[in-house]
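Coordinates from target_20.csv are shown below (CSV, C-alpha atoms).
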chain,number,residue,atom,x,y,z
Y,1,MET,CA,-239.2,-116.5,-140.8
Y,2,ASN,CA,-242.7,-118.0,-140.6
Y,3,HIS,CA,-244.5,-115.3,-138.6
Y,4,PRO,CA,-242.6,-112.0,-138.8
Y,5,ALA,CA,-245.2,-110.2,-136.7
Y,6,ARG,CA,-245.3,-112.8,-134.0
Y,7,ILE,CA,-242.7,-112.8,-131.2
Y,8,SER,CA,-242.3,-115.6,-128.7
Y,9,ARG,CA,-241.2,-114.1,-125.4
Y,10,TYR,CA,-239.0,-115.8,-122.7
Y,11,ASP,CA,-237.4,-114.6,-119.5
Y,12,VAL,CA,-234.1,-116.3,-120.5
Y,13,ILE,CA,-232.8,-117.6,-123.8
Y,14,VAL,CA,-229.6,-119.7,-123.7
Y,15,ILE,CA,-227.6,-120.0,-126.9
Y,16,GLY,CA,-225.7,-123.3,-126.8
Y,17,ALA,CA,-226.9,-126.6,-125.4
Y,18,GLY,CA,-223.6,-127.9,-124.2
Y,19,ALA,CA,-222.3,-128.3,-120.6
Y,20,ALA,CA,-222.5,-124.7,-119.5
Y,21,GLY,CA,-225.6,-123.9,-121.4
Y,22,MET,CA,-227.7,-126.8,-120.0
Y,23,MET,CA,-226.4,-126.2,-116.5
Y,24,CYS,CA,-227.5,-122.5,-116.8
Y,25,ALA,CA,-230.8,-123.3,-118.4
Y,26,ALA,CA,-231.7,-125.9,-115.7
Y,27,GLU,CA,-230.8,-123.5,-112.8
Y,28,ALA,CA,-232.7,-120.6,-114.3
Y,29,GLY,CA,-235.7,-122.8,-115.0
Y,30,LYS,CA,-235.8,-124.2,-111.5
Y,31,ARG,CA,-236.0,-120.5,-110.2
Y,32,GLY,CA,-239.3,-120.2,-112.1
Y,33,ARG,CA,-237.9,-118.4,-115.1
Y,34,ARG,CA,-239.4,-119.2,-118.5
Y,35,VAL,CA,-236.3,-120.5,-120.4
Y,36,LEU,CA,-235.6,-121.5,-124.0
Y,37,ILE,CA,-232.3,-123.2,-124.9
Y,38,LEU,CA,-231.4,-123.2,-128.6
Y,39,ASP,CA,-228.6,-124.8,-130.5
Y,40,HIS,CA,-227.7,-125.2,-134.2
Y,41,ALA,CA,-226.7,-128.8,-133.8
Y,42,THR,CA,-228.9,-131.8,-134.5
Y,43,LYS,CA,-227.3,-134.0,-131.8
Y,44,LEU,CA,-227.3,-132.8,-128.1
Y,45,ALA,CA,-224.0,-132.1,-126.4
Y,46,GLU,CA,-221.6,-133.9,-128.8
Y,47,LYS,CA,-218.6,-132.5,-127.0
Y,48,ILE,CA,-219.7,-134.1,-123.7
Y,49,ARG,CA,-220.4,-137.4,-125.5
Y,50,ILE,CA,-216.9,-137.7,-127.0
Y,51,SER,CA,-215.1,-136.4,-123.9
Y,52,GLY,CA,-212.9,-138.6,-121.8
Y,53,GLY,CA,-212.8,-141.4,-124.3
Y,54,GLY,CA,-216.6,-141.5,-124.2
Y,55,ARG,CA,-216.7,-141.6,-120.4
Y,56,CYS,CA,-216.6,-137.9,-119.6
Y,57,ASN,CA,-214.0,-136.7,-117.2
Y,58,PHE,CA,-216.7,-134.6,-115.6
Y,59,THR,CA,-214.7,-132.9,-112.8
Y,60,ASN,CA,-211.6,-133.2,-110.6
Y,61,LEU,CA,-211.4,-133.6,-106.8
Y,62,ASP,CA,-208.8,-130.8,-106.5
Y,63,VAL,CA,-210.0,-127.6,-108.2
Y,64,GLY,CA,-208.4,-124.1,-107.6
Y,65,ILE,CA,-207.6,-121.0,-109.6
Y,66,GLY,CA,-204.1,-122.4,-110.2
Y,67,ASN,CA,-205.7,-124.9,-112.6
Y,68,TYR,CA,-206.8,-122.2,-115.0
Y,69,LEU,CA,-205.3,-119.8,-117.4
Y,70,SER,CA,-206.8,-116.3,-118.0
Y,71,ARG,CA,-205.6,-112.8,-118.6
Y,72,ASN,CA,-207.5,-112.1,-115.4
Y,73,PRO,CA,-206.5,-115.0,-113.3
Y,74,GLN,CA,-208.6,-114.2,-110.2
Y,75,PHE,CA,-211.9,-114.0,-112.2
Y,76,CYS,CA,-212.8,-117.7,-111.9
Y,77,ARG,CA,-212.4,-117.8,-108.1
Y,78,SER,CA,-215.9,-116.7,-107.2
Y,79,ALA,CA,-217.9,-119.0,-109.4
Y,80,LEU,CA,-215.6,-122.0,-108.6
Y,81,ALA,CA,-216.0,-121.4,-104.8
Y,82,ARG,CA,-219.8,-121.2,-105.0
Y,83,TYR,CA,-220.2,-124.3,-107.2
Y,84,THR,CA,-217.6,-126.9,-106.3
Y,85,PRO,CA,-216.8,-130.4,-107.5
Y,86,ALA,CA,-218.7,-131.7,-104.4
Y,87,HIS,CA,-221.8,-130.0,-105.6
Y,88,PHE,CA,-221.6,-131.6,-109.0
Y,89,ILE,CA,-220.7,-135.0,-107.5
Y,90,GLY,CA,-223.8,-134.7,-105.4
Y,91,LEU,CA,-225.9,-134.1,-108.5
Y,92,VAL,CA,-224.3,-137.1,-110.3
Y,93,ASP,CA,-225.1,-139.3,-107.2
Y,94,ARG,CA,-228.7,-138.1,-107.0
Y,95,HIS,CA,-229.1,-139.3,-110.6
Y,96,GLY,CA,-227.6,-142.7,-109.7
Y,97,ILE,CA,-224.7,-142.4,-112.1
Y,98,PRO,CA,-221.8,-144.7,-111.2
Y,99,TRP,CA,-218.4,-143.1,-111.4
Y,100,HIS,CA,-214.8,-143.7,-110.5
Y,101,GLU,CA,-211.6,-141.8,-109.7
Y,102,ARG,CA,-208.5,-142.1,-111.8
Y,103,GLU,CA,-205.0,-140.6,-111.3
Y,104,HIS,CA,-204.6,-136.9,-110.4
Y,105,GLY,CA,-208.2,-136.7,-108.9
Y,106,GLN,CA,-209.9,-137.1,-112.3
Y,107,LEU,CA,-213.5,-138.4,-112.1
Y,108,PHE,CA,-215.1,-140.4,-114.9
Y,109,CYS,CA,-218.4,-142.1,-115.6
Y,110,ASP,CA,-218.3,-145.9,-115.2
Y,111,ASP,CA,-220.5,-146.4,-118.2
Y,112,SER,CA,-220.9,-143.6,-120.6
Y,113,ALA,CA,-220.7,-139.8,-121.1
Y,114,GLN,CA,-224.3,-140.2,-122.3
Y,115,ASP,CA,-225.3,-140.5,-118.6
Y,116,ILE,CA,-224.1,-136.9,-118.0
Y,117,ILE,CA,-226.0,-135.6,-121.0
Y,118,ASP,CA,-229.2,-137.5,-119.9
Y,119,MET,CA,-228.7,-136.0,-116.4
Y,120,LEU,CA,-228.5,-132.4,-117.7
Y,121,ARG,CA,-231.5,-133.0,-119.9
Y,122,ALA,CA,-233.5,-134.3,-117.0
Y,123,GLU,CA,-232.4,-131.3,-114.9
Y,124,CYS,CA,-233.6,-129.0,-117.7
Y,125,GLU,CA,-236.9,-130.9,-117.7
Y,126,ASP,CA,-237.3,-130.3,-114.0
Y,127,GLY,CA,-236.9,-126.6,-114.8
Y,128,ALA,CA,-239.5,-126.8,-117.6
Y,129,VAL,CA,-236.9,-125.6,-120.1
Y,130,ASN,CA,-238.1,-125.2,-123.7
Y,131,TRP,CA,-236.0,-126.5,-126.5
Y,132,ALA,CA,-235.2,-125.3,-130.1
Y,133,MET,CA,-232.9,-127.7,-131.8
Y,134,PRO,CA,-231.6,-127.5,-134.5
Y,135,CYS,CA,-232.1,-123.8,-134.6
Y,136,THR,CA,-230.1,-121.2,-136.6
Y,137,LEU,CA,-229.6,-117.7,-135.3
Y,138,GLN,CA,-230.1,-115.3,-138.2
Y,139,SER,CA,-229.8,-112.0,-136.4
Y,140,LEU,CA,-229.6,-110.5,-133.0
Y,141,ALA,CA,-230.6,-107.0,-131.9
Y,142,ALA,CA,-231.1,-105.0,-128.8
Y,143,GLY,CA,-234.8,-104.6,-127.7
Y,144,ASP,CA,-236.5,-101.6,-126.3
Y,145,SER,CA,-237.7,-102.7,-122.8
Y,146,PRO,CA,-236.4,-104.6,-119.7
Y,147,GLU,CA,-238.7,-107.5,-120.7
Y,148,THR,CA,-237.4,-107.6,-124.3
Y,149,ARG,CA,-233.8,-106.5,-124.1
Y,150,PHE,CA,-232.9,-108.8,-126.9
Y,151,ILE,CA,-234.6,-109.7,-130.2
Y,152,LEU,CA,-233.5,-112.9,-132.0
Y,153,ASP,CA,-234.5,-113.8,-135.5
Y,154,THR,CA,-234.1,-117.5,-135.9
Y,155,SER,CA,-235.1,-120.5,-138.0
Y,156,HIS,CA,-237.8,-121.0,-135.4
Y,157,GLY,CA,-239.2,-117.5,-135.8
Y,158,ARG,CA,-238.7,-114.2,-133.9
Y,159,LEU,CA,-237.8,-114.6,-130.2
Y,160,ALA,CA,-237.4,-112.0,-127.4
Y,161,CYS,CA,-236.0,-112.2,-123.9
Y,162,ALA,CA,-235.0,-110.2,-120.8
Y,163,SER,CA,-231.8,-112.2,-120.3
Y,164,LEU,CA,-229.6,-113.7,-123.0
Y,165,VAL,CA,-226.9,-116.3,-122.1
Y,166,VAL,CA,-224.2,-117.1,-124.6
Y,167,ALA,CA,-222.9,-120.6,-124.1
Y,168,THR,CA,-221.6,-121.3,-127.5
Y,169,GLY,CA,-218.2,-122.7,-126.6
Y,170,GLY,CA,-214.9,-122.1,-128.3
Y,171,LEU,CA,-213.4,-123.0,-131.7
Y,172,SER,CA,-212.0,-126.5,-130.7
Y,173,ILE,CA,-213.1,-129.6,-132.6
Y,174,PRO,CA,-214.9,-127.8,-135.6
Y,175,LYS,CA,-216.1,-131.1,-137.0
Y,176,ILE,CA,-218.7,-131.3,-134.3
Y,177,GLY,CA,-219.9,-127.8,-134.9
Y,178,ALA,CA,-217.7,-125.2,-133.2
Y,179,THR,CA,-218.2,-121.7,-134.5
Y,180,PRO,CA,-217.1,-118.1,-133.5
Y,181,LEU,CA,-220.7,-117.1,-132.9
Y,182,GLY,CA,-220.1,-116.2,-129.2
Y,183,TYR,CA,-217.2,-113.9,-130.0
Y,184,LYS,CA,-219.3,-112.2,-132.7
Y,185,ILE,CA,-222.1,-111.6,-130.2
Y,186,ALA,CA,-219.6,-110.2,-127.7
Y,187,GLU,CA,-218.1,-107.8,-130.3
Y,188,GLN,CA,-221.6,-106.7,-131.4
Y,189,PHE,CA,-222.3,-105.5,-127.9
Y,190,GLY,CA,-218.9,-103.9,-127.5
Y,191,LEU,CA,-217.1,-106.5,-125.3
Y,192,ALA,CA,-213.4,-107.1,-125.9
Y,193,ILE,CA,-212.1,-110.5,-127.0
Y,194,ILE,CA,-208.8,-112.0,-126.0
Y,195,ALA,CA,-207.6,-113.6,-129.3
Y,196,PRO,CA,-208.6,-117.3,-129.3
Y,197,LYS,CA,-205.9,-120.0,-129.8
Y,198,PRO,CA,-206.0,-123.8,-129.7
Y,199,ALA,CA,-205.2,-125.2,-126.3
Y,200,LEU,CA,-204.6,-128.6,-124.8
Y,201,VAL,CA,-203.2,-129.4,-128.3
Y,202,PRO,CA,-200.3,-131.4,-129.7
Y,203,LEU,CA,-197.3,-129.4,-130.6
Y,204,THR,CA,-195.4,-129.5,-133.9
Y,205,LEU,CA,-191.6,-129.5,-134.2
Y,206,PRO,CA,-189.5,-127.6,-136.8
Y,207,PRO,CA,-188.3,-129.8,-139.7
Y,208,GLU,CA,-184.7,-130.2,-138.5
Y,209,GLU,CA,-185.9,-131.5,-135.1
Y,210,LEU,CA,-188.7,-133.6,-136.7
Y,211,ALA,CA,-186.2,-135.3,-138.9
Y,212,ILE,CA,-184.4,-136.7,-135.8
Y,213,TYR,CA,-187.5,-137.9,-133.9
Y,214,LYS,CA,-190.3,-138.7,-136.5
Y,215,GLU,CA,-189.2,-142.3,-136.6
Y,216,LEU,CA,-190.2,-142.5,-132.9
Y,217,SER,CA,-193.9,-141.9,-133.7
Y,218,GLY,CA,-196.1,-143.8,-131.2
Y,219,MET,CA,-193.4,-144.0,-128.5
Y,220,ALA,CA,-194.5,-142.7,-125.0
Y,221,PHE,CA,-192.8,-142.4,-121.6
Y,222,ASP,CA,-193.1,-140.6,-118.3
Y,223,ALA,CA,-191.6,-137.0,-118.2
Y,224,VAL,CA,-192.0,-133.6,-116.6
Y,225,ALA,CA,-192.8,-130.7,-119.0
Y,226,GLU,CA,-192.5,-127.0,-118.0
Y,227,CYS,CA,-193.5,-123.9,-119.8
Y,228,GLY,CA,-193.7,-120.6,-118.1
Y,229,ALA,CA,-195.8,-121.0,-114.9
Y,230,GLY,CA,-197.0,-124.5,-115.9
Y,231,ARG,CA,-195.3,-127.7,-114.7
Y,232,PHE,CA,-196.7,-131.2,-115.2
Y,233,ARG,CA,-195.7,-134.8,-115.0
Y,234,GLU,CA,-197.4,-137.3,-117.2
Y,235,ASN,CA,-196.7,-139.3,-120.4
Y,236,LEU,CA,-195.0,-137.7,-123.4
Y,237,LEU,CA,-195.9,-139.1,-126.8
Y,238,PHE,CA,-194.0,-138.8,-130.1
Y,239,THR,CA,-196.1,-138.3,-133.2
Y,240,HIS,CA,-195.3,-138.0,-136.9
Y,241,ARG,CA,-195.7,-134.2,-136.6
Y,242,GLY,CA,-194.1,-133.6,-133.2
Y,243,LEU,CA,-195.1,-134.1,-129.6
Y,244,SER,CA,-198.3,-135.0,-127.8
Y,245,GLY,CA,-199.4,-137.0,-124.8
Y,246,PRO,CA,-201.0,-135.5,-121.6
Y,247,VAL,CA,-197.8,-133.7,-120.4
Y,248,ILE,CA,-197.4,-131.9,-123.8
Y,249,LEU,CA,-201.2,-131.0,-124.0
Y,250,GLN,CA,-200.9,-129.4,-120.6
Y,251,ALA,CA,-197.7,-127.5,-121.5
Y,252,SER,CA,-199.2,-126.4,-124.8
Y,253,SER,CA,-201.8,-124.1,-123.1
Y,254,TYR,CA,-198.9,-122.3,-121.5
Y,255,TRP,CA,-196.9,-122.1,-124.7
Y,256,GLN,CA,-200.0,-120.7,-126.4
Y,257,ALA,CA,-200.3,-118.2,-123.6
Y,258,ARG,CA,-196.7,-116.9,-124.0
Y,259,ASP,CA,-198.0,-113.4,-124.8
Y,260,TYR,CA,-200.2,-113.3,-121.7
Y,261,GLY,CA,-197.5,-112.0,-119.5
Y,262,GLU,CA,-194.5,-113.2,-117.6
Y,263,ALA,CA,-196.5,-115.3,-115.2
Y,264,ASP,CA,-197.9,-117.5,-117.9
Y,265,GLY,CA,-196.2,-118.9,-121.0
Y,266,GLY,CA,-192.7,-119.1,-122.4
Y,267,THR,CA,-191.3,-119.6,-125.9
Y,268,GLN,CA,-189.8,-123.0,-125.0
Y,269,VAL,CA,-191.1,-126.2,-123.5
Y,270,THR,CA,-188.5,-127.8,-121.1
Y,271,VAL,CA,-188.7,-131.5,-120.6
Y,272,ASN,CA,-187.1,-133.4,-117.7
Y,273,LEU,CA,-186.4,-136.9,-119.0
Y,274,PHE,CA,-185.5,-138.1,-115.5
Y,275,PRO,CA,-188.6,-137.0,-113.5
Y,276,ALA,CA,-188.1,-139.4,-110.6
Y,277,GLU,CA,-184.5,-138.9,-109.6
Y,278,ASN,CA,-181.4,-136.7,-109.6
Y,279,VAL,CA,-179.9,-137.4,-113.0
Y,280,ARG,CA,-176.4,-136.1,-112.0
Y,281,ASP,CA,-176.2,-138.5,-109.1
Y,282,TRP,CA,-177.5,-141.3,-111.4
Y,283,LEU,CA,-174.7,-140.6,-113.9
Y,284,GLY,CA,-172.1,-140.3,-111.2
Y,285,GLU,CA,-172.9,-143.8,-110.0
Y,286,ARG,CA,-172.3,-145.0,-113.5
Y,287,ALA,CA,-169.4,-142.8,-114.5
Y,288,ARG,CA,-166.9,-145.7,-114.9
Y,289,SER,CA,-169.3,-147.7,-117.1
Y,290,LYS,CA,-167.8,-148.9,-120.4
Y,291,SER,CA,-171.3,-148.9,-122.0
Y,292,LEU,CA,-172.2,-146.4,-124.6
Y,293,LEU,CA,-174.1,-143.5,-123.0
Y,294,ALA,CA,-177.2,-144.3,-125.1
Y,295,ASN,CA,-177.2,-147.9,-123.9
Y,296,LEU,CA,-176.8,-146.7,-120.3
Y,297,LEU,CA,-179.8,-144.4,-120.7
Y,298,THR,CA,-182.0,-147.3,-121.8
Y,299,GLU,CA,-182.2,-148.2,-118.0
Y,300,ARG,CA,-184.6,-145.2,-117.9
Y,301,LEU,CA,-185.6,-144.3,-121.5
Y,302,PRO,CA,-186.7,-146.2,-124.6
Y,303,LYS,CA,-183.7,-147.4,-126.5
Y,304,ARG,CA,-184.5,-145.8,-129.9
Y,305,PHE,CA,-185.1,-142.4,-128.2
Y,306,ALA,CA,-181.9,-142.6,-126.2
Y,307,GLN,CA,-180.0,-143.4,-129.3
Y,308,ALA,CA,-181.5,-140.6,-131.4
Y,309,TRP,CA,-181.1,-138.1,-128.5
Y,310,CYS,CA,-177.4,-138.9,-128.0
Y,311,GLU,CA,-176.7,-139.0,-131.7
Y,312,GLN,CA,-178.1,-135.5,-132.1
Y,313,ARG,CA,-175.6,-134.2,-129.5
Y,314,GLY,CA,-172.6,-136.2,-130.6
Y,315,TRP,CA,-172.6,-138.1,-127.3
Y,316,ASN,CA,-172.2,-141.6,-128.8
Y,317,LYS,CA,-169.2,-142.9,-126.9
Y,318,PRO,CA,-168.6,-145.0,-123.8
Y,319,THR,CA,-169.7,-143.3,-120.6
Y,320,HIS,CA,-166.3,-143.6,-118.9
Y,321,GLN,CA,-164.8,-141.4,-121.6
Y,322,PHE,CA,-166.8,-138.4,-120.5
Y,323,ASN,CA,-165.1,-136.1,-117.9
Y,324,ALA,CA,-166.9,-134.5,-114.9
Y,325,ARG,CA,-167.7,-131.3,-116.8
Y,326,GLU,CA,-169.2,-133.3,-119.7
Y,327,LEU,CA,-171.3,-135.4,-117.3
Y,328,ASP,CA,-172.6,-132.1,-115.8
Y,329,ALA,CA,-173.6,-131.0,-119.3
Y,330,ILE,CA,-175.3,-134.3,-120.0
Y,331,ALA,CA,-177.2,-134.1,-116.7
Y,332,THR,CA,-178.3,-130.6,-117.5
Y,333,ALA,CA,-179.6,-131.6,-120.9
Y,334,LEU,CA,-181.4,-134.7,-119.6
Y,335,SER,CA,-183.2,-132.7,-116.9
Y,336,GLY,CA,-183.8,-129.7,-119.2
Y,337,TRP,CA,-184.4,-130.8,-122.8
Y,338,ALA,CA,-185.3,-127.4,-124.3
Y,339,ILE,CA,-187.9,-127.7,-127.2
Y,340,THR,CA,-189.0,-124.7,-129.3
Y,341,PRO,CA,-192.2,-125.8,-131.1
Y,342,ASN,CA,-193.0,-124.2,-134.4
Y,343,GLY,CA,-196.8,-124.5,-134.0
Y,344,THR,CA,-199.7,-126.7,-133.0
Y,345,LEU,CA,-202.0,-129.2,-134.7
Y,346,GLY,CA,-204.8,-126.5,-134.5
Y,347,TYR,CA,-208.4,-126.5,-133.5
Y,348,ALA,CA,-209.1,-129.9,-135.1
Y,349,LYS,CA,-206.9,-131.6,-132.5
Y,350,ALA,CA,-207.4,-129.1,-129.6
Y,351,GLU,CA,-209.5,-130.0,-126.6
Y,352,VAL,CA,-210.3,-126.4,-125.7
Y,353,THR,CA,-209.8,-122.8,-126.7
Y,354,LEU,CA,-207.5,-120.4,-124.9
Y,355,GLY,CA,-208.8,-116.8,-124.8
Y,356,GLY,CA,-212.3,-115.6,-125.5
Y,357,VAL,CA,-214.6,-113.0,-124.0
Y,358,ASP,CA,-212.4,-110.7,-121.9
Y,359,THR,CA,-213.4,-111.4,-118.2
Y,360,ARG,CA,-212.7,-107.7,-117.3
Y,361,THR,CA,-216.0,-107.0,-119.1
Y,362,LEU,CA,-218.0,-109.5,-117.0
Y,363,SER,CA,-219.1,-109.8,-113.4
Y,364,SER,CA,-217.3,-112.6,-111.7
Y,365,LYS,CA,-220.3,-113.3,-109.5
Y,366,THR,CA,-223.0,-113.5,-112.3
Y,367,MET,CA,-221.2,-113.7,-115.6
Y,368,GLU,CA,-223.2,-110.7,-116.7
Y,369,ALA,CA,-221.6,-108.1,-119.0
Y,370,ARG,CA,-221.0,-105.1,-116.9
Y,371,ASP,CA,-222.1,-102.6,-119.5
Y,372,VAL,CA,-224.9,-104.6,-121.1
Y,373,PRO,CA,-227.7,-105.6,-118.7
Y,374,GLY,CA,-229.1,-109.0,-119.3
Y,375,LEU,CA,-226.2,-110.3,-121.4
Y,376,PHE,CA,-224.3,-113.3,-119.9
Y,377,PHE,CA,-221.3,-115.4,-121.1
Y,378,VAL,CA,-220.5,-118.8,-119.7
Y,379,GLY,CA,-218.2,-121.8,-120.3
Y,380,GLU,CA,-215.5,-122.0,-122.9
Y,381,VAL,CA,-216.5,-118.8,-124.8
Y,382,VAL,CA,-215.0,-116.9,-121.8
Y,383,ASP,CA,-211.3,-116.3,-121.3
Y,384,VAL,CA,-210.9,-119.0,-118.7
Y,385,THR,CA,-209.1,-122.2,-119.8
Y,386,GLY,CA,-208.6,-125.2,-117.5
Y,387,HIS,CA,-205.9,-127.8,-117.3
Y,388,LEU,CA,-206.5,-131.3,-118.7
Y,389,GLY,CA,-208.3,-133.5,-116.2
Y,390,GLY,CA,-212.0,-132.3,-115.7
Y,391,TYR,CA,-211.2,-128.7,-114.9
Y,392,ASN,CA,-212.9,-127.3,-118.1
Y,393,PHE,CA,-216.1,-129.2,-117.2
Y,394,GLN,CA,-216.0,-127.8,-113.7
Y,395,TRP,CA,-215.7,-124.3,-115.1
Y,396,ALA,CA,-218.7,-125.0,-117.3
Y,397,TRP,CA,-220.8,-126.2,-114.3
Y,398,ALA,CA,-219.6,-123.3,-112.1
Y,399,SER,CA,-220.1,-120.5,-114.6
Y,400,GLY,CA,-223.3,-122.0,-115.8
Y,401,HIS,CA,-224.6,-122.2,-112.3
Y,402,ALA,CA,-223.6,-118.6,-111.5
Y,403,ALA,CA,-225.4,-117.2,-114.5
Y,404,GLY,CA,-228.4,-119.5,-113.9
Y,405,GLN,CA,-228.8,-118.0,-110.5
Y,406,ALA,CA,-228.8,-114.5,-111.9
Y,407,ALA,CA,-230.3,-114.5,-115.4
So, in terms of structure tokens, how does the structure I just supplied come out?
Amino acid sequence: MNHPARISRYDVIVIGAGAAGMMCAAEAGKRGRRVLILDHATKLAEKIRISGGGRCNFTNLDVGIGNYLSRNPQFCRSALARYTPAHFIGLVDRHGIPWHEREHGQLFCDDSAQDIIDMLRAECEDGAVNWAMPCTLQSLAAGDSPETRFILDTSHGRLACASLVVATGGLSIPKIGATPLGYKIAEQFGLAIIAPKPALVPLTLPPEELAIYKELSGMAFDAVAECGAGRFRENLLFTHRGLSGPVILQASSYWQARDYGEADGGTQVTVNLFPAENVRDWLGERARSKSLLANLLTERLPKRFAQAWCEQRGWNKPTHQFNARELDAIATALSGWAITPNGTLGYAKAEVTLGGVDTRTLSSKTMEARDVPGLFFVGEVVDVTGHLGGYNFQWAWASGHAAGQAA
């Protein structure tokens, strides 16, 4: 600390210069608030930069509360309704950033995710936001007046503010700087935390199952995966540790939420290997075939998978040798392959964090802590987790905007 007696005062200090933090800082600054945004990283918004294969899947055309997981599922409704994908698209268009739509309503930059970072930086400049990067938070304490509710000791000296916004993100992708700081701040001020878990993450299989499928690493095909309340249709990918691909990443969040309650996760992930048709009808049309069942299934599935799947079940005989009851059982298995994962690949491979600051302690309109005036939480640090496909960025924009209008 260079000047222990000197305090730099701000109306708003935002901890975390990611998507939600920059959105909040820009909005507060444009309201005339004196804002400082600080971050421990040396590079600005690395998570935005690497997102969407470097092109940033910045929102989705179809956003609703059904695209989010939370112990308090209605919480995100207000912020999402007041700052919609159309609002963010308008911002992107005003900055002249070219973009395109992909499947499932996902929107990406034509050129680079850096365009979104530059846009947010420019919005902060419009709001005359001050910056402290890299900046380490050494301690945080409650102040003694409405103008100095929070005192921060940092590597940039002692700071004070009336409103403190925590936009520190979750624990996913630690190699680019994820830390539990936001949860520690919440706990310091008496807010509950829903235990964080990796989400949108590849799943691992138990050894006996892995032994059957590990040789298929790199193979992908279209499937439907269901877990609890989640049902998705996209590509399934085999890995040397288990299962991945968009459909498994989606289902993984629900599998991780299996203790949230009946409406969310389950202990198994069920995969429909015939997502486009009625498998019993398909088998019935081929019931007299003299082809091995595995060979018949290669009409719809990769050959090596069909062989491994049939061998595991002892179904390696000509199709016409199965009776009607056996064909029913085969159809049931093909449309409902039940998988019991034994874990995930963890935060290093997770796209987001499930859990976080308990939303029951926050205002859904402002993101302010109900019992701690001036303390706000936005983005991934909050217990709101979106599906894959731009939904987590939309939550960052919406929650950041809500807090920026109030802080």
- Please indicate the distance in Å from atom CA of Y:Pro373 to atom CA of Y:Thr148, rounded to one decimal place. 11.4 Å
I want to know what sits within 7 Å of Y:Ile339, based on only C-alpha atoms, with residues of the same chain fewer than 6 positions away left out; could you give that as a PDB file with C-alpha atoms, in the coordinates of the input?
ATOM      1  CA  GLN Y 268    -189.800-123.000-125.000  1.00  0.00           C
ATOM      2  CA  VAL Y 269    -191.100-126.200-123.500  1.00  0.00           C
ATOM      3  CA  THR Y 270    -188.500-127.800-121.100  1.00  0.00           C
TER       4      THR Y 270
END
- Task: Excluding Y:Asp281 and residues on its chain fewer than 5 positions from it, collect all residues at most 10 Å away from it, counting only C-alpha atoms, and give them as a ChimeraX atom specification.
- Result: /Y:286-287,328,331
- Task: Work out how far atom CA of Y:Gly356 is from atom CA of Y:Asp118, in Å to one decimal.
- Result: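 So the two atoms, atom CA of Y:Asp118 and atom CA of Y:Gly356, lie 28.2 Å apart.
The spacing separating atom CA of Y:Lys349 from atom CA of Y:Gly245 amounts to 12.0 Å.
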- Item | Non-local contacts of stretch 155-168 of chain Y (7 Å; all atoms listed in the file; under 4 positions in same chain excluded) as a ChimeraX atom specification | /Y:1-4,6-16,20-21,135-137,146-151,181-182,374-379,381,407
Contacts of stretch 391-404 of chain Y within 7 Å, all atoms listed in the file, excl. fewer than 5 positions in-chain, as a PDB file with C-alpha atoms, keeping the file's coordinate frame:
ATOM      1  CA  ALA Y  19    -222.300-128.300-120.600  1.00  0.00           C
ATOM      2  CA  ALA Y  20    -222.500-124.700-119.500  1.00  0.00           C
ATOM      3  CA  GLY Y  21    -225.600-123.900-121.400  1.00  0.00           C
ATOM      4  CA  MET Y  23    -226.400-126.200-116.500  1.00  0.00           C
ATOM      5  CA  CYS Y  24    -227.500-122.500-116.800  1.00  0.00           C
ATOM      6  CA  ALA Y  25    -230.800-123.300-118.400  1.00  0.00           C
ATOM      7  CA  GLU Y  27    -230.800-123.500-112.800  1.00  0.00           C
ATOM      8  CA  ALA Y  28    -232.700-120.600-114.300  1.00  0.00           C
ATOM      9  CA  PHE Y  58    -216.700-134.600-115.600  1.00  0.00           C
ATOM     10  CA  THR Y  59    -214.700-132.900-112.800  1.00  0.00           C
ATOM     11  CA  ASN Y  60    -211.600-133.200-110.600  1.00  0.00           C
ATOM     12  CA  VAL Y  63    -210.000-127.600-108.200  1.00  0.00           C
ATOM     13  CA  ALA Y  79    -217.900-119.000-109.400  1.00  0.00           C
ATOM     14  CA  LEU Y  80    -215.600-122.000-108.600  1.00  0.00           C
ATOM     15  CA  TYR Y  83    -220.200-124.300-107.200  1.00  0.00           C
ATOM     16  CA  PRO Y  85    -216.800-130.400-107.500  1.00  0.00           C
ATOM     17  CA  LYS Y 365    -220.300-113.300-109.500  1.00  0.00           C
ATOM     18  CA  THR Y 366    -223.000-113.500-112.300  1.00  0.00           C
ATOM     19  CA  MET Y 367    -221.200-113.700-115.600  1.00  0.00           C
ATOM     20  CA  PHE Y 376    -224.300-113.300-119.900  1.00  0.00           C
ATOM     21  CA  VAL Y 378    -220.500-118.800-119.700  1.00  0.00           C
ATOM     22  CA  GLY Y 379    -218.200-121.800-120.300  1.00  0.00           C
ATOM     23  CA  THR Y 385    -209.100-122.200-119.800  1.00  0.00           C
ATOM     24  CA  GLY Y 386    -208.600-125.200-117.500  1.00  0.00           C
TER      25      GLY Y 386
END
- Item | Long-range neighbours of Y:Trp337 as JSON, numbers by chain, 8 Å cut-off, all atoms listed in the file, 5 positions minimum in chain | {"Y": [270, 271, 272, 273]}
- Note on the structure: Between Y:Arg49, Y:Asn278, Y:Met219, Y:Gly105, smallest distance to Y:Leu236 by all atoms listed in the file belongs to Y:Met219
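The point (-196.0, -139.6, -123.3) has these residues within 8 Å of it, counting all atoms listed in the file: Met219, Ala220, Phe221, Asp222, Ala223, Glu234, Asn235, Leu236, Leu237, Phe238, Ser244, Gly245, Pro246, Val247 and Ile248 of chain Y.
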- Message: Residues within 8 Å of (-222.9, -138.5, -120.6), file coordinates, counting only C-alpha atoms: what are they? Give the list as a PyMOL selection string.
- Response: chain Y and resi 48-49+54-56+109+112-119
